[in-house]
file model36.cif (mmCIF, C-alpha atoms)
data_my_file
#
loop_
_atom_site.label_atom_id
_atom_site.label_comp_id
_atom_site.auth_asym_id
_atom_site.auth_seq_id
_atom_site.Cartn_x
_atom_site.Cartn_y
_atom_site.Cartn_z
CA MET D 1 5.67 11.44 27.43
CA GLU D 2 8.83 10.70 25.49
CA THR D 3 10.97 13.78 24.85
CA LYS D 4 12.30 14.87 21.50
CA SER D 5 15.85 14.12 22.62
CA ASN D 6 14.86 10.59 23.60
CA ASN D 7 13.21 10.08 20.22
CA SER D 8 16.36 11.27 18.45
CA ARG D 9 18.56 9.01 20.56
CA ARG D 10 16.32 6.00 19.83
CA SER D 11 16.55 6.66 16.09
CA PHE D 12 20.31 7.07 16.26
CA MET D 13 20.90 3.92 18.29
CA GLY D 14 18.54 1.94 16.09
CA ALA D 15 20.48 2.89 12.99
CA VAL D 16 23.78 2.04 14.66
CA MET D 17 22.53 -1.42 15.63
CA LEU D 18 21.44 -2.01 12.06
CA GLY D 19 24.97 -1.31 10.85
CA ALA D 20 23.88 1.73 8.86
CA THR D 21 26.48 3.98 7.27
CA ALA D 22 27.33 7.45 8.54
CA SER D 23 25.45 8.99 5.63
CA SER D 24 22.25 7.14 6.48
CA LEU D 25 22.49 8.19 10.13
CA SER D 26 22.20 11.81 9.02
CA LEU D 27 18.77 11.07 7.60
CA PHE D 28 17.23 10.87 11.07
CA ALA D 29 18.44 14.35 11.95
CA ASN D 30 16.30 15.73 9.13
CA PRO D 31 12.79 16.87 10.18
CA MET D 32 11.45 15.34 6.95
CA TYR D 33 12.01 11.91 8.51
CA ALA D 34 10.24 12.58 11.79
CA GLY D 35 7.99 9.66 12.67
CA ILE D 36 8.84 7.72 9.51
CA THR D 37 9.26 4.44 11.41
CA GLU D 38 6.70 5.19 14.13
CA PHE D 39 4.91 2.06 15.31
CA ASP D 40 1.45 3.12 16.52
CA ASP D 41 -0.88 1.23 18.85
CA LYS D 42 -2.74 -0.42 15.96
CA LYS D 43 0.46 -1.82 14.44
CA MET D 44 1.70 -2.93 17.85
CA GLY D 45 -1.59 -4.70 18.53
CA GLU D 46 -1.37 -6.53 15.21
CA ALA D 47 2.21 -7.59 15.93
CA ASP D 48 1.35 -8.85 19.42
CA GLU D 49 -1.67 -10.74 18.09
CA TRP D 50 0.46 -12.36 15.36
CA PHE D 51 2.68 -14.02 17.96
CA LYS D 52 -0.32 -16.01 19.16
CA LYS D 53 0.15 -18.11 16.01
CA VAL D 54 3.21 -19.76 17.57
CA LYS D 55 2.13 -23.34 18.30
CA GLY D 56 3.24 -26.90 18.89
CA ARG D 57 5.95 -28.62 20.90
CA HIS D 58 8.75 -27.83 18.44
CA ARG D 59 9.41 -24.11 18.15
CA ILE D 60 12.37 -22.30 16.61
CA VAL D 61 13.17 -18.75 15.46
CA TYR D 62 15.75 -18.03 12.78
CA ASP D 63 17.61 -14.72 12.92
CA GLY D 64 17.73 -13.72 9.24
CA SER D 65 20.03 -10.70 9.27
CA THR D 66 21.65 -11.21 5.85
CA PRO D 67 20.53 -12.76 2.53
CA HIS D 68 22.99 -15.67 3.03
CA ASP D 69 21.97 -17.36 -0.23
CA GLY D 70 18.43 -17.87 1.07
CA PHE D 71 19.40 -19.84 4.18
CA PRO D 72 17.02 -17.89 6.47
CA ILE D 73 14.27 -19.56 4.40
CA ILE D 74 16.06 -22.87 3.69
CA TRP D 75 16.55 -23.61 7.39
CA ASN D 76 12.90 -22.84 8.08
CA TRP D 77 11.98 -25.55 5.56
CA ALA D 78 14.63 -27.90 6.96
CA PHE D 79 13.15 -27.63 10.47
CA TYR D 80 9.80 -28.86 9.19
CA LEU D 81 11.43 -31.59 7.11
CA SER D 82 13.52 -33.02 9.94
CA ASN D 83 10.68 -32.86 12.46
CA ASN D 84 8.33 -34.57 9.99
CA GLU D 85 10.91 -37.30 9.46
CA THR D 86 11.11 -37.85 13.23
CA GLY D 87 7.36 -38.23 13.65
CA SER D 88 5.98 -34.70 14.20
CA PRO D 89 3.21 -33.32 11.96
CA ASP D 90 3.19 -29.71 10.76
CA ASP D 91 0.59 -28.68 13.33
CA ASP D 92 3.02 -29.55 16.12
CA ILE D 93 5.76 -27.33 14.64
CA THR D 94 6.49 -23.60 14.43
CA ALA D 95 9.49 -22.26 12.57
CA MET D 96 9.71 -18.48 12.45
CA THR D 97 12.11 -16.45 10.33
CA VAL D 98 12.79 -12.85 11.32
CA LEU D 99 13.83 -10.88 8.23
CA ARG D 100 15.91 -7.95 9.43
CA HIS D 101 18.90 -5.82 8.41
CA ASN D 102 20.03 -6.86 4.89
CA ALA D 103 17.50 -9.69 4.57
CA ILE D 104 14.41 -7.46 4.52
CA PRO D 105 13.95 -7.55 0.71
CA PHE D 106 12.76 -11.18 0.95
CA ALA D 107 9.56 -9.81 2.49
CA PHE D 108 8.76 -7.70 -0.60
CA LYS D 109 6.95 -8.31 -3.86
CA SER D 110 9.06 -8.59 -7.00
CA SER D 111 7.59 -5.35 -8.35
CA LEU D 112 9.43 -3.49 -5.58
CA TRP D 113 12.69 -5.30 -6.37
CA LYS D 114 12.46 -4.08 -9.96
CA LYS D 115 11.42 -0.53 -9.11
CA TYR D 116 14.20 0.08 -6.57
CA ASN D 117 16.90 -2.27 -7.88
CA LEU D 118 16.85 -4.18 -4.60
CA GLY D 119 19.04 -6.96 -5.94
CA GLU D 120 21.80 -4.42 -6.43
CA VAL D 121 21.10 -2.59 -3.15
CA PHE D 122 21.21 -5.78 -1.06
CA GLU D 123 23.68 -7.72 -3.24
CA VAL D 124 21.32 -10.56 -4.15
CA VAL D 125 22.28 -12.32 -7.39
CA ASP D 126 19.82 -14.12 -9.66
CA ASN D 127 21.31 -17.58 -10.19
CA SER D 128 19.87 -17.79 -13.70
CA THR D 129 21.40 -14.54 -14.95
CA LYS D 130 24.35 -14.08 -12.55
CA ALA D 131 23.28 -10.42 -12.32
CA PRO D 132 21.61 -8.51 -9.46
CA SER D 133 18.14 -9.97 -9.05
CA THR D 134 15.14 -7.96 -10.23
CA ARG D 135 12.73 -10.28 -8.40
CA ASN D 136 12.26 -11.93 -5.03
CA PRO D 137 13.82 -15.36 -5.60
CA TYR D 138 12.63 -16.98 -2.37
CA TYR D 139 8.94 -16.14 -2.06
CA GLU D 140 7.88 -18.33 -5.00
CA PRO D 141 11.24 -19.77 -6.12
CA ARG D 142 11.97 -20.86 -9.65
CA GLU D 143 14.14 -23.78 -10.65
CA GLY D 144 17.72 -23.02 -9.68
CA ASP D 145 16.95 -20.42 -7.02
CA PHE D 146 17.53 -22.94 -4.22
CA PRO D 147 20.32 -25.55 -4.23
CA MET D 148 17.70 -28.36 -4.35
CA PRO D 149 14.33 -28.26 -6.13
CA VAL D 150 12.46 -29.79 -3.17
CA ILE D 151 13.11 -26.76 -0.94
CA GLN D 152 9.97 -24.70 -0.50
CA GLY D 153 9.78 -20.91 -0.58
CA ILE D 154 8.11 -18.49 1.79
CA LYS D 155 4.62 -18.77 0.30
CA ASP D 156 4.52 -22.57 0.50
CA MET D 157 6.00 -22.58 3.99
CA GLN D 158 3.37 -20.11 5.19
CA GLU D 159 0.70 -22.57 4.05
CA ARG D 160 2.33 -25.17 6.30
CA GLY D 161 2.22 -22.84 9.31
CA ALA D 162 5.69 -21.29 9.15
CA LEU D 163 5.89 -17.66 10.26
CA PHE D 164 7.81 -14.79 8.67
CA CYS D 165 8.13 -11.21 9.88
CA VAL D 166 10.08 -8.15 8.75
CA CYS D 167 11.80 -5.34 10.63
CA ASN D 168 10.08 -1.96 10.42
CA LEU D 169 13.16 -0.10 11.64
CA ALA D 170 15.33 -1.57 8.90
CA ILE D 171 12.71 -0.69 6.29
CA GLY D 172 12.80 2.91 7.52
CA VAL D 173 16.60 3.10 7.35
CA TYR D 174 17.11 1.44 3.98
CA SER D 175 14.12 2.98 2.22
CA GLY D 176 15.39 6.36 3.41
CA VAL D 177 18.86 5.74 2.02
CA VAL D 178 17.43 4.59 -1.31
CA ALA D 179 15.03 7.55 -1.44
CA GLN D 180 17.92 9.96 -0.85
CA LYS D 181 19.99 8.40 -3.63
CA MET D 182 17.07 8.38 -6.09
CA GLY D 183 15.86 11.88 -5.22
CA MET D 184 12.50 10.60 -3.95
CA ASP D 185 10.32 11.55 -0.99
CA PRO D 186 11.44 9.41 1.98
CA LYS D 187 8.01 9.04 3.55
CA GLU D 188 6.43 8.00 0.26
CA THR D 189 9.26 5.54 -0.37
CA TYR D 190 8.92 4.05 3.10
CA GLN D 191 5.17 3.58 2.60
CA ASP D 192 5.79 2.08 -0.84
CA TRP D 193 8.05 -0.54 0.76
CA VAL D 194 5.58 -1.32 3.55
CA ASP D 195 2.73 -1.65 1.03
CA ALA D 196 4.82 -4.18 -0.93
CA ILE D 197 5.16 -6.65 1.95
CA HIS D 198 3.77 -10.02 0.90
CA PRO D 199 0.50 -11.16 2.54
CA GLY D 200 1.01 -12.96 5.82
CA ILE D 201 4.48 -11.55 6.48
CA GLN D 202 4.12 -9.52 9.66
CA LEU D 203 5.58 -6.04 10.08
CA VAL D 204 7.23 -5.82 13.52
CA PRO D 205 8.78 -2.82 15.33
CA SER D 206 12.28 -4.23 14.88
CA GLY D 207 13.88 -7.56 14.17
CA VAL D 208 15.50 -7.74 17.58
CA TRP D 209 12.12 -7.03 19.21
CA ALA D 210 10.64 -9.97 17.31
CA LEU D 211 13.52 -12.27 18.24
CA GLY D 212 12.91 -11.47 21.89
CA ARG D 213 9.16 -12.04 21.62
CA ALA D 214 9.70 -15.33 19.83
CA GLN D 215 11.89 -16.62 22.63
CA GLU D 216 9.35 -15.42 25.21
CA ASN D 217 6.87 -17.62 23.34
CA GLY D 218 9.04 -20.70 23.70
CA CYS D 219 11.07 -20.57 20.48
CA GLY D 220 14.69 -21.66 20.50
CA TYR D 221 17.10 -19.27 18.72
CA ILE D 222 19.31 -20.01 15.68
CA PHE D 223 21.40 -17.41 13.84
CA ALA D 224 20.72 -17.70 10.11
CA GLY D 225 23.08 -15.01 8.81
CA ASN D 226 26.67 -15.47 7.73
#
call {"tool": "encode", "arguments": {"input": "model36.cif", "output": "structure tokens"}}
result
Amino acid sequence: METKSNNSRRSFMGAVMLGATASSLSLFANPMYAGITEFDDKKMGEADEWFKKVKGRHRIVYDGSTPHDGFPIIWNWAFYLSNNETGSPDDDITAMTVLRHNAIPFAFKSSLWKKYNLGEVFEVVDNSTKAPSTRNPYYEPREGDFPMPVIQGIKDMQERGALFCVCNLAIGVYSGVVAQKMGMDPKETYQDWVDAIHPGIQLVPSGVWALGRAQENGCGYIFAGN
């Protein structure tokens, strides 16, 4: 059985690896946050099962650690495009994007962006207004969201077989910071964020866990941050 001290150390090290601030690290010392990012057997089983969707000869995983003007999604699309142009159909291709650290908001519905000002929190600008975005610009992009209109968003890419997952640990850290600043209950805020994940985007224990599993399943690795 894992001891309380080991649990505390895991939470601390996880926050450090995510680049969290000193103020957010203090959240995990608060009993209110105990178990907030716990990944139970059911969730782990779902995550493991999801990796069975990796298919085909051409497999890549993109490490989406920052918003980077949507490139964690753009390069997913580009992998399909270039492989199609060189003779490979979609069913012989898997491009996976791991949304972790500051790129996690791209997994969420626009209603969550508006409620928690995620464009401001994660410094994502709406190209049409030049202000912090109040919507997810890359799930179902509008004209001007991507540098070229032919680039497909997350929803369309999922229909082609592309895979997207989001880091549970990062959700716990950032939802906790936002809850603290807004005077909200951290556990309720965390659950609100998890409930707002778009269909088909898989919740995984952490982004780095998913990157490791992807490579174990034959995916090459490309850093998609900046």
call {"tool": "closest_residue", "arguments": {"input": "model36.cif", "among": "D:Ala214, D:Val98, D:Ala196, D:Val177", "to": "Lys53 in chain D", "atoms": "all atoms listed in the file"}}
result
D:Ala214
call {"tool": "resolve_selection", "arguments": {"input": "model36.cif", "expression": "the PyMOL selection byres ((chain D and resi 89) around 12)", "output": "VMD selection string"}}
result
chain D and resid 55 to 58 79 to 88 90 to 94 160 to 161
call {"tool": "residues_near_point", "arguments": {"input": "model36.cif", "point": "(20.3, -16.4, 11.9)", "cutoff": "9 Å", "atoms": "all atoms listed in the file", "output": "VMD selection string"}}
result
chain D and resid 61 to 66 71 to 72 97 to 98 221 to 226
call {"tool": "write_last_selection", "arguments": {"input": "model36.cif", "atoms": "C-alpha atoms", "output": "CSV table (one decimal), in the coordinates of the input"}}
result
chain,number,residue,atom,x,y,z
D,61,VAL,CA,13.2,-18.8,15.5
D,62,TYR,CA,15.8,-18.0,12.8
D,63,ASP,CA,17.6,-14.7,12.9
D,64,GLY,CA,17.7,-13.7,9.2
D,65,SER,CA,20.0,-10.7,9.3
D,66,THR,CA,21.6,-11.2,5.8
D,71,PHE,CA,19.4,-19.8,4.2
D,72,PRO,CA,17.0,-17.9,6.5
D,97,THR,CA,12.1,-16.4,10.3
D,98,VAL,CA,12.8,-12.8,11.3
D,221,TYR,CA,17.1,-19.3,18.7
D,222,ILE,CA,19.3,-20.0,15.7
D,223,PHE,CA,21.4,-17.4,13.8
D,224,ALA,CA,20.7,-17.7,10.1
D,225,GLY,CA,23.1,-15.0,8.8
D,226,ASN,CA,26.7,-15.5,7.7
call {"tool": "residues_near_point", "arguments": {"input": "model36.cif", "point": "(9.7, -2.1, 15.4)", "cutoff": "10 Å", "atoms": "all atoms listed in the file", "output": "list in words"}}
result
Gly14, Thr37, Glu38, Phe39, Asp40, Lys43, Met44, Ala47, Val166, Cys167, Asn168, Leu169, Ala170, Ile171, Gly172, Leu203, Val204, Pro205, Ser206, Gly207, Val208, Trp209 and Ala210 of chain D
call {"tool": "atom_distance", "arguments": {"input": "model36.cif", "atom1": "CA of Ile104 in chain D", "atom2": "CA of Asp185 in chain D"}}
result
20.2 Å
call {"tool": "atom_distance", "arguments": {"input": "model36.cif", "atom1": "CA of Pro137 in chain D", "atom2": "CA of Ala95 in chain D"}}
result
19.9 Å
call {"tool": "atom_distance", "arguments": {"input": "model36.cif", "atom1": "CA of Glu120 in chain D", "atom2": "CA of Pro186 in chain D"}}
result
19.2 Å
call {"tool": "decode", "arguments": {"input": "model36.cif", "residues": "range 109-136 of chain D", "atoms": "C-alpha atoms", "output": "compact mmCIF listing (two decimals), in the first residue's frame"}}
result
# COMPACT_ATOMS: atom_id res chain seq x y z
CA LYS D 109 -15.90 22.52 -24.72
CA SER D 110 -16.25 26.24 -25.42
CA SER D 111 -18.71 26.60 -22.55
CA LEU D 112 -15.85 25.89 -20.14
CA TRP D 113 -13.61 28.44 -21.87
CA LYS D 114 -16.25 31.10 -21.30
CA LYS D 115 -17.04 30.12 -17.72
CA TYR D 116 -13.41 30.08 -16.53
CA ASN D 117 -11.84 32.60 -18.92
CA LEU D 118 -9.50 29.91 -20.24
CA GLY D 119 -8.27 32.09 -23.09
CA GLU D 120 -6.88 34.50 -20.52
CA VAL D 121 -5.61 31.75 -18.20
CA PHE D 122 -3.71 29.94 -20.97
CA GLU D 123 -2.93 33.01 -23.12
CA VAL D 124 -4.86 31.89 -26.19
CA VAL D 125 -5.92 34.78 -28.43
CA ASP D 126 -8.95 34.72 -30.72
CA ASN D 127 -7.63 35.76 -34.14
CA SER D 128 -10.92 37.44 -35.02
CA THR D 129 -11.05 39.70 -31.95
CA LYS D 130 -7.37 39.85 -30.93
CA ALA D 131 -8.59 39.33 -27.34
CA PRO D 132 -8.33 36.26 -25.07
CA SER D 133 -10.47 33.57 -26.63
CA THR D 134 -13.80 32.69 -25.02
CA ARG D 135 -14.11 29.52 -27.12
CA ASN D 136 -12.07 26.52 -28.19
